[in-house]
>>> print(open('entry05.pdb').read())   # PDB, C-alpha atoms and all ligand atoms
ATOM      1  CA  MET S 236      10.029  72.185  83.657  1.00  0.00           C
ATOM      2  CA  ALA S 237       7.474  70.411  85.820  1.00  0.00           C
ATOM      3  CA  LYS S 238       4.181  69.460  84.212  1.00  0.00           C
ATOM      4  CA  ASN S 239       0.977  70.391  86.052  1.00  0.00           C
ATOM      5  CA  GLY S 240      -2.185  69.541  84.192  1.00  0.00           C
ATOM      6  CA  LYS S 241      -1.501  70.500  80.583  1.00  0.00           C
ATOM      7  CA  ALA S 242       0.722  73.511  81.308  1.00  0.00           C
ATOM      8  CA  LYS S 243       4.443  73.061  81.953  1.00  0.00           C
ATOM      9  CA  LEU S 244       5.750  75.340  84.685  1.00  0.00           C
ATOM     10  CA  HIS S 245       9.149  76.793  85.517  1.00  0.00           C
ATOM     11  CA  PRO S 246      10.234  76.540  89.159  1.00  0.00           C
ATOM     12  CA  THR S 247       9.207  79.659  91.108  1.00  0.00           C
ATOM     13  CA  LYS S 248       8.736  80.839  94.683  1.00  0.00           C
ATOM     14  CA  HIS S 249       5.336  82.215  93.662  1.00  0.00           C
ATOM     15  CA  PRO S 250       2.989  81.550  96.609  1.00  0.00           C
ATOM     16  CA  LEU S 251       0.053  80.104  94.646  1.00  0.00           C
ATOM     17  CA  ASN S 252       0.117  76.318  94.358  1.00  0.00           C
ATOM     18  CA  ALA S 253       1.346  74.715  91.151  1.00  0.00           C
ATOM     19  CA  ASN S 254      -1.975  73.134  90.106  1.00  0.00           C
ATOM     20  CA  LEU S 255      -3.753  76.460  90.392  1.00  0.00           C
ATOM     21  CA  ARG S 256      -0.964  78.239  88.504  1.00  0.00           C
ATOM     22  CA  GLY S 257      -1.096  75.539  85.824  1.00  0.00           C
ATOM     23  CA  SER S 258      -4.777  76.114  85.197  1.00  0.00           C
ATOM     24  CA  MET S 259      -4.320  79.924  85.183  1.00  0.00           C
ATOM     25  CA  VAL S 260      -1.467  79.552  82.668  1.00  0.00           C
ATOM     26  CA  GLU S 261      -3.792  77.556  80.396  1.00  0.00           C
ATOM     27  CA  LEU S 262      -6.501  80.176  80.792  1.00  0.00           C
ATOM     28  CA  LEU S 263      -4.048  83.010  80.060  1.00  0.00           C
ATOM     29  CA  GLN S 264      -2.602  81.176  77.040  1.00  0.00           C
ATOM     30  CA  LYS S 265      -6.058  81.310  75.428  1.00  0.00           C
ATOM     31  CA  HIS S 266      -6.387  85.035  76.156  1.00  0.00           C
ATOM     32  CA  LEU S 267      -2.823  85.707  74.937  1.00  0.00           C
ATOM     33  CA  GLY S 268      -3.620  84.012  71.610  1.00  0.00           C
ATOM     34  CA  THR S 269      -6.853  85.991  71.360  1.00  0.00           C
ATOM     35  CA  ALA S 270      -5.105  89.280  72.199  1.00  0.00           C
ATOM     36  CA  ILE S 271      -2.461  88.709  69.503  1.00  0.00           C
ATOM     37  CA  ASP S 272      -5.175  87.743  67.010  1.00  0.00           C
ATOM     38  CA  ILE S 273      -7.287  90.857  67.676  1.00  0.00           C
ATOM     39  CA  THR S 274      -4.184  93.072  67.613  1.00  0.00           C
ATOM     40  CA  TYR S 275      -3.667  92.131  63.969  1.00  0.00           C
ATOM     41  CA  GLN S 276      -7.371  92.095  63.129  1.00  0.00           C
ATOM     42  CA  THR S 277      -7.376  95.822  63.988  1.00  0.00           C
ATOM     43  CA  LYS S 278      -4.298  96.368  61.766  1.00  0.00           C
ATOM     44  CA  GLN S 279      -5.937  94.422  58.930  1.00  0.00           C
ATOM     45  CA  ALA S 280      -8.874  96.874  59.209  1.00  0.00           C
ATOM     46  CA  HIS S 281      -6.522  99.890  59.582  1.00  0.00           C
ATOM     47  CA  TRP S 282      -4.644  99.010  56.387  1.00  0.00           C
ATOM     48  CA  ASN S 283      -7.544  98.000  54.143  1.00  0.00           C
ATOM     49  CA  VAL S 284     -10.521 100.181  55.104  1.00  0.00           C
ATOM     50  CA  LYS S 285     -11.885 102.539  52.421  1.00  0.00           C
ATOM     51  CA  GLY S 286     -14.816 104.975  52.347  1.00  0.00           C
ATOM     52  CA  MET S 287     -15.839 108.592  52.907  1.00  0.00           C
ATOM     53  CA  ASN S 288     -15.027 108.425  56.640  1.00  0.00           C
ATOM     54  CA  PHE S 289     -11.620 106.887  55.869  1.00  0.00           C
ATOM     55  CA  ILE S 290      -9.365 108.975  58.065  1.00  0.00           C
ATOM     56  CA  ALA S 291     -11.559 108.678  61.191  1.00  0.00           C
ATOM     57  CA  VAL S 292     -11.872 104.888  61.078  1.00  0.00           C
ATOM     58  CA  HIS S 293      -8.264 104.415  59.847  1.00  0.00           C
ATOM     59  CA  LYS S 294      -7.107 106.255  62.991  1.00  0.00           C
ATOM     60  CA  LEU S 295      -9.623 104.538  65.281  1.00  0.00           C
ATOM     61  CA  PHE S 296      -8.435 101.083  64.168  1.00  0.00           C
ATOM     62  CA  ASP S 297      -4.835 102.076  64.914  1.00  0.00           C
ATOM     63  CA  GLU S 298      -5.803 103.304  68.387  1.00  0.00           C
ATOM     64  CA  LEU S 299      -7.573 100.004  69.042  1.00  0.00           C
ATOM     65  CA  HIS S 300      -4.418  98.218  67.863  1.00  0.00           C
ATOM     66  CA  GLU S 301      -2.265 100.121  70.349  1.00  0.00           C
ATOM     67  CA  THR S 302      -4.641  99.373  73.228  1.00  0.00           C
ATOM     68  CA  THR S 303      -4.662  95.652  72.508  1.00  0.00           C
ATOM     69  CA  GLU S 304      -0.856  95.548  72.205  1.00  0.00           C
ATOM     70  CA  ASP S 305      -0.670  96.587  75.859  1.00  0.00           C
ATOM     71  CA  TYR S 306      -2.981  93.687  76.731  1.00  0.00           C
ATOM     72  CA  VAL S 307      -0.754  91.236  74.844  1.00  0.00           C
ATOM     73  CA  ASP S 308       2.212  92.220  77.011  1.00  0.00           C
ATOM     74  CA  ASN S 309       0.282  92.320  80.284  1.00  0.00           C
ATOM     75  CA  ILE S 310      -1.326  88.913  79.724  1.00  0.00           C
ATOM     76  CA  ALA S 311       1.961  87.294  78.619  1.00  0.00           C
ATOM     77  CA  GLU S 312       3.802  88.643  81.651  1.00  0.00           C
ATOM     78  CA  ARG S 313       1.138  87.523  84.129  1.00  0.00           C
ATOM     79  CA  LEU S 314       1.423  84.078  82.548  1.00  0.00           C
ATOM     80  CA  THR S 315       5.211  84.046  82.907  1.00  0.00           C
ATOM     81  CA  ALA S 316       4.998  85.440  86.456  1.00  0.00           C
ATOM     82  CA  LEU S 317       2.994  82.309  87.327  1.00  0.00           C
ATOM     83  CA  GLY S 318       5.832  80.123  86.011  1.00  0.00           C
ATOM     84  CA  GLY S 319       4.364  79.542  82.553  1.00  0.00           C
ATOM     85  CA  GLN S 320       5.969  79.643  79.136  1.00  0.00           C
ATOM     86  CA  ALA S 321       4.212  82.220  76.924  1.00  0.00           C
ATOM     87  CA  HIS S 322       3.166  80.904  73.504  1.00  0.00           C
ATOM     88  CA  GLY S 323       3.378  84.258  71.744  1.00  0.00           C
ATOM     89  CA  THR S 324       4.048  83.379  68.117  1.00  0.00           C
ATOM     90  CA  VAL S 325       1.544  83.992  65.339  1.00  0.00           C
ATOM     91  CA  GLN S 326       1.345  80.226  64.698  1.00  0.00           C
ATOM     92  CA  ALA S 327       0.654  79.400  68.372  1.00  0.00           C
ATOM     93  CA  SER S 328      -1.854  82.233  68.622  1.00  0.00           C
ATOM     94  CA  SER S 329      -3.793  80.926  65.646  1.00  0.00           C
ATOM     95  CA  GLU S 330      -4.310  77.686  67.602  1.00  0.00           C
ATOM     96  CA  ASN S 331      -5.133  79.353  70.924  1.00  0.00           C
ATOM     97  CA  THR S 332      -7.399  82.227  69.854  1.00  0.00           C
ATOM     98  CA  VAL S 333     -11.142  82.036  70.517  1.00  0.00           C
ATOM     99  CA  LEU S 334     -11.889  84.275  67.514  1.00  0.00           C
ATOM    100  CA  ASP S 335     -13.005  83.272  64.027  1.00  0.00           C
ATOM    101  CA  PRO S 336     -10.538  84.096  61.230  1.00  0.00           C
ATOM    102  CA  TYR S 337     -10.865  87.701  60.045  1.00  0.00           C
ATOM    103  CA  PRO S 338     -11.931  87.868  56.367  1.00  0.00           C
ATOM    104  CA  LEU S 339      -9.143  89.131  54.092  1.00  0.00           C
ATOM    105  CA  ASP S 340     -11.431  90.750  51.518  1.00  0.00           C
ATOM    106  CA  LEU S 341     -13.281  93.370  53.637  1.00  0.00           C
ATOM    107  CA  VAL S 342     -13.057  96.954  52.335  1.00  0.00           C
ATOM    108  CA  LYS S 343     -16.044  99.113  53.406  1.00  0.00           C
ATOM    109  CA  SER S 344     -15.747 100.810  56.790  1.00  0.00           C
ATOM    110  CA  GLU S 345     -19.130  99.487  57.932  1.00  0.00           C
ATOM    111  CA  ASP S 346     -18.019  95.929  57.177  1.00  0.00           C
ATOM    112  CA  HIS S 347     -14.787  96.343  59.167  1.00  0.00           C
ATOM    113  CA  LEU S 348     -16.604  98.040  62.077  1.00  0.00           C
ATOM    114  CA  LYS S 349     -19.215  95.267  62.272  1.00  0.00           C
ATOM    115  CA  ARG S 350     -16.712  92.453  61.865  1.00  0.00           C
ATOM    116  CA  LEU S 351     -14.382  93.902  64.522  1.00  0.00           C
ATOM    117  CA  ALA S 352     -17.399  94.378  66.816  1.00  0.00           C
ATOM    118  CA  ASP S 353     -18.093  90.616  66.439  1.00  0.00           C
ATOM    119  CA  SER S 354     -14.520  89.846  67.532  1.00  0.00           C
ATOM    120  CA  TYR S 355     -14.628  92.256  70.476  1.00  0.00           C
ATOM    121  CA  ALA S 356     -17.983  90.858  71.641  1.00  0.00           C
ATOM    122  CA  LYS S 357     -16.657  87.294  71.413  1.00  0.00           C
ATOM    123  CA  TRP S 358     -13.550  88.153  73.417  1.00  0.00           C
ATOM    124  CA  SER S 359     -15.659  90.067  75.940  1.00  0.00           C
ATOM    125  CA  SER S 360     -17.791  86.986  76.583  1.00  0.00           C
ATOM    126  CA  GLU S 361     -14.654  84.814  76.995  1.00  0.00           C
ATOM    127  CA  LEU S 362     -13.225  87.407  79.398  1.00  0.00           C
ATOM    128  CA  ILE S 363     -16.361  87.214  81.546  1.00  0.00           C
ATOM    129  CA  LYS S 364     -15.872  83.438  81.776  1.00  0.00           C
ATOM    130  CA  GLY S 365     -12.150  83.897  82.485  1.00  0.00           C
ATOM    131  CA  ILE S 366     -12.798  86.418  85.265  1.00  0.00           C
ATOM    132  CA  GLU S 367     -15.188  83.916  86.880  1.00  0.00           C
ATOM    133  CA  GLU S 368     -12.690  81.066  86.495  1.00  0.00           C
ATOM    134  CA  ALA S 369      -9.841  83.079  88.055  1.00  0.00           C
ATOM    135  CA  SER S 370     -12.133  84.222  90.852  1.00  0.00           C
ATOM    136  CA  GLU S 371     -13.280  80.680  91.657  1.00  0.00           C
ATOM    137  CA  ALA S 372      -9.662  79.465  91.561  1.00  0.00           C
ATOM    138  CA  GLY S 373      -8.672  82.194  94.061  1.00  0.00           C
ATOM    139  CA  ASP S 374      -6.181  83.986  91.780  1.00  0.00           C
ATOM    140  CA  ASP S 375      -7.188  87.589  92.529  1.00  0.00           C
ATOM    141  CA  LEU S 376      -4.449  89.162  90.427  1.00  0.00           C
ATOM    142  CA  THR S 377      -5.321  87.213  87.258  1.00  0.00           C
ATOM    143  CA  GLU S 378      -8.966  88.052  87.943  1.00  0.00           C
ATOM    144  CA  ASP S 379      -7.983  91.730  88.256  1.00  0.00           C
ATOM    145  CA  LEU S 380      -5.957  91.669  85.018  1.00  0.00           C
ATOM    146  CA  LEU S 381      -8.769  90.044  83.025  1.00  0.00           C
ATOM    147  CA  THR S 382     -11.231  92.532  84.557  1.00  0.00           C
ATOM    148  CA  GLU S 383      -9.041  95.433  83.411  1.00  0.00           C
ATOM    149  CA  VAL S 384      -8.746  93.941  79.915  1.00  0.00           C
ATOM    150  CA  GLY S 385     -12.498  93.296  79.835  1.00  0.00           C
ATOM    151  CA  ARG S 386     -13.281  96.900  80.774  1.00  0.00           C
ATOM    152  CA  GLY S 387     -11.072  98.124  77.910  1.00  0.00           C
ATOM    153  CA  ILE S 388     -12.497  95.644  75.418  1.00  0.00           C
ATOM    154  CA  ASP S 389     -16.051  96.682  76.320  1.00  0.00           C
ATOM    155  CA  GLU S 390     -15.126 100.340  75.779  1.00  0.00           C
ATOM    156  CA  SER S 391     -13.635  99.489  72.375  1.00  0.00           C
ATOM    157  CA  LEU S 392     -16.790  97.523  71.496  1.00  0.00           C
ATOM    158  CA  TYR S 393     -18.814 100.634  72.339  1.00  0.00           C
ATOM    159  CA  PHE S 394     -16.562 102.785  70.085  1.00  0.00           C
ATOM    160  CA  LEU S 395     -17.063 100.320  67.220  1.00  0.00           C
ATOM    161  CA  GLU S 396     -20.815  99.853  67.653  1.00  0.00           C
ATOM    162  CA  SER S 397     -21.534 103.583  68.032  1.00  0.00           C
ATOM    163  CA  HIS S 398     -20.953 103.901  64.270  1.00  0.00           C
ATOM    164  CA  PHE S 399     -24.048 101.870  63.441  1.00  0.00           C
ATOM    165  CA  GLN S 400     -26.097 101.811  66.646  1.00  0.00           C
ATOM    166  CA  SER S 401     -28.529 104.717  66.106  1.00  0.00           C
ATOM    167  CA  ALA S 402     -32.126 103.557  65.654  1.00  0.00           C
TER     168      ALA S 402
HETATM  169 FE    FE X   1      -0.519 102.975  60.054  1.00  0.00          FE
END
>>> encode(input="entry05.pdb", output="structure tokens")
Amino acid sequence: MAKNGKAKLHPTKHPLNANLRGSMVELLQKHLGTAIDITYQTKQAHWNVKGMNFIAVHKLFDELHETTEDYVDNIAERLTALGGQAHGTVQASSENTVLDPYPLDLVKSEDHLKRLADSYAKWSSELIKGIEEASEAGDDLTEDLLTEVGRGIDESLYFLESHFQSA
């Protein structure tokens, strides 16, 4: 594999130049790690939440999990389409994620909703930066992917926050 910047690339006929692809692979590696992290943060909440609204939030957290699993696959496969090597293990993700570690002792639904909202908001702000970076680099398709992910993450943030947003 050739090394461009920090990211090693496989040979490909992809039309974007190798330096640009190298920096997009690095960008996507960070979002892949974050996507894997949040995918299991939602499961952690799904498995451990307790309270009077149990079944509603238990199901919501599983739906959020399924949505983010799609993002994991889409981000990894954009990264590999650019010639990159996806770092998709739990160990690699724990190094690449932008999120803070999810506390293991949360129980109450309000605590899970608020803590997940923190993670979604953090990823949303990183996605905004990523969209800008891909746009400036001229990689329209990575920009489009991160925009799609960002739209979904913002909707999920709204679902989470609507539980405690009323004045
Ligand atoms: Fe389940």
>>> residues_near_ligand(input="entry05.pdb", ligand="ligand FE 1 (chain X)", cutoff="7 Å", atoms="all atoms listed in the file", output="PyMOL selection string")
chain S and resi 281-282+297
>>> resolve_selection(input="entry05.pdb", expression="the PyMOL selection byres (((chain S and resi 262) around 12) and not hetatm)", output="PyMOL selection string")
chain S and resi 240-242+255-261+263-269+310-311+313-314+317+319+321+331-333+361-362+364-369+372+374+377-378+381
>>> atom_distance(input="entry05.pdb", atom1="atom CA of S:Leu251", atom2="atom CA of S:Ile388")
27.7 Å
>>> closest_residue(input="entry05.pdb", among="S:Lys294, S:Arg386, S:Lys343, S:His398", to="S:Thr277", atoms="all atoms listed in the file")
S:Lys294
>>> residues_near_point(input="entry05.pdb", point="(-13.8, 98.5, 49.8)", cutoff="9 Å", atoms="only C-alpha atoms", output="list in words")
Asn283, Val284, Lys285, Gly286, Asp340, Leu341, Val342, Lys343, Ser344 and Asp346 of chain S
>>> atom_distance(input="entry05.pdb", atom1="atom CA of S:Asp353", atom2="atom CA of S:Leu376")
27.6 Å
>>> axis_aligned_box(input="entry05.pdb", around="stretch 257-266 of chain S", padding_each_side="3 Å", output="lines of an AutoDock Vina configuration file")
center_x = -3.8
center_y = 80.3
center_z = 80.6
size_x = 11.4
size_y = 15.5
size_z = 16.4
>>> closest_residue(input="entry05.pdb", among="S:Leu339, S:Ala253, S:Leu395, S:Ala291", to="S:Tyr275", atoms="all atoms listed in the file")
S:Leu339
>>> resolve_selection(input="entry05.pdb", expression="the PyMOL selection byres (((chain S and resi 384) around 10) and not hetatm)", output="MDAnalysis selection string")
chainID S and resid 266 270 302:303 305:307 309:310 358:359 362 378:383 385:390
>>> atom_distance(input="entry05.pdb", atom1="atom CA of S:His300", atom2="atom CA of S:Ser329")
17.4 Å
>>> closest_residue(input="entry05.pdb", among="S:Arg350, S:Ala327, S:Asp375, S:Gln320", to="S:Leu244", atoms="only C-alpha atoms")
S:Gln320
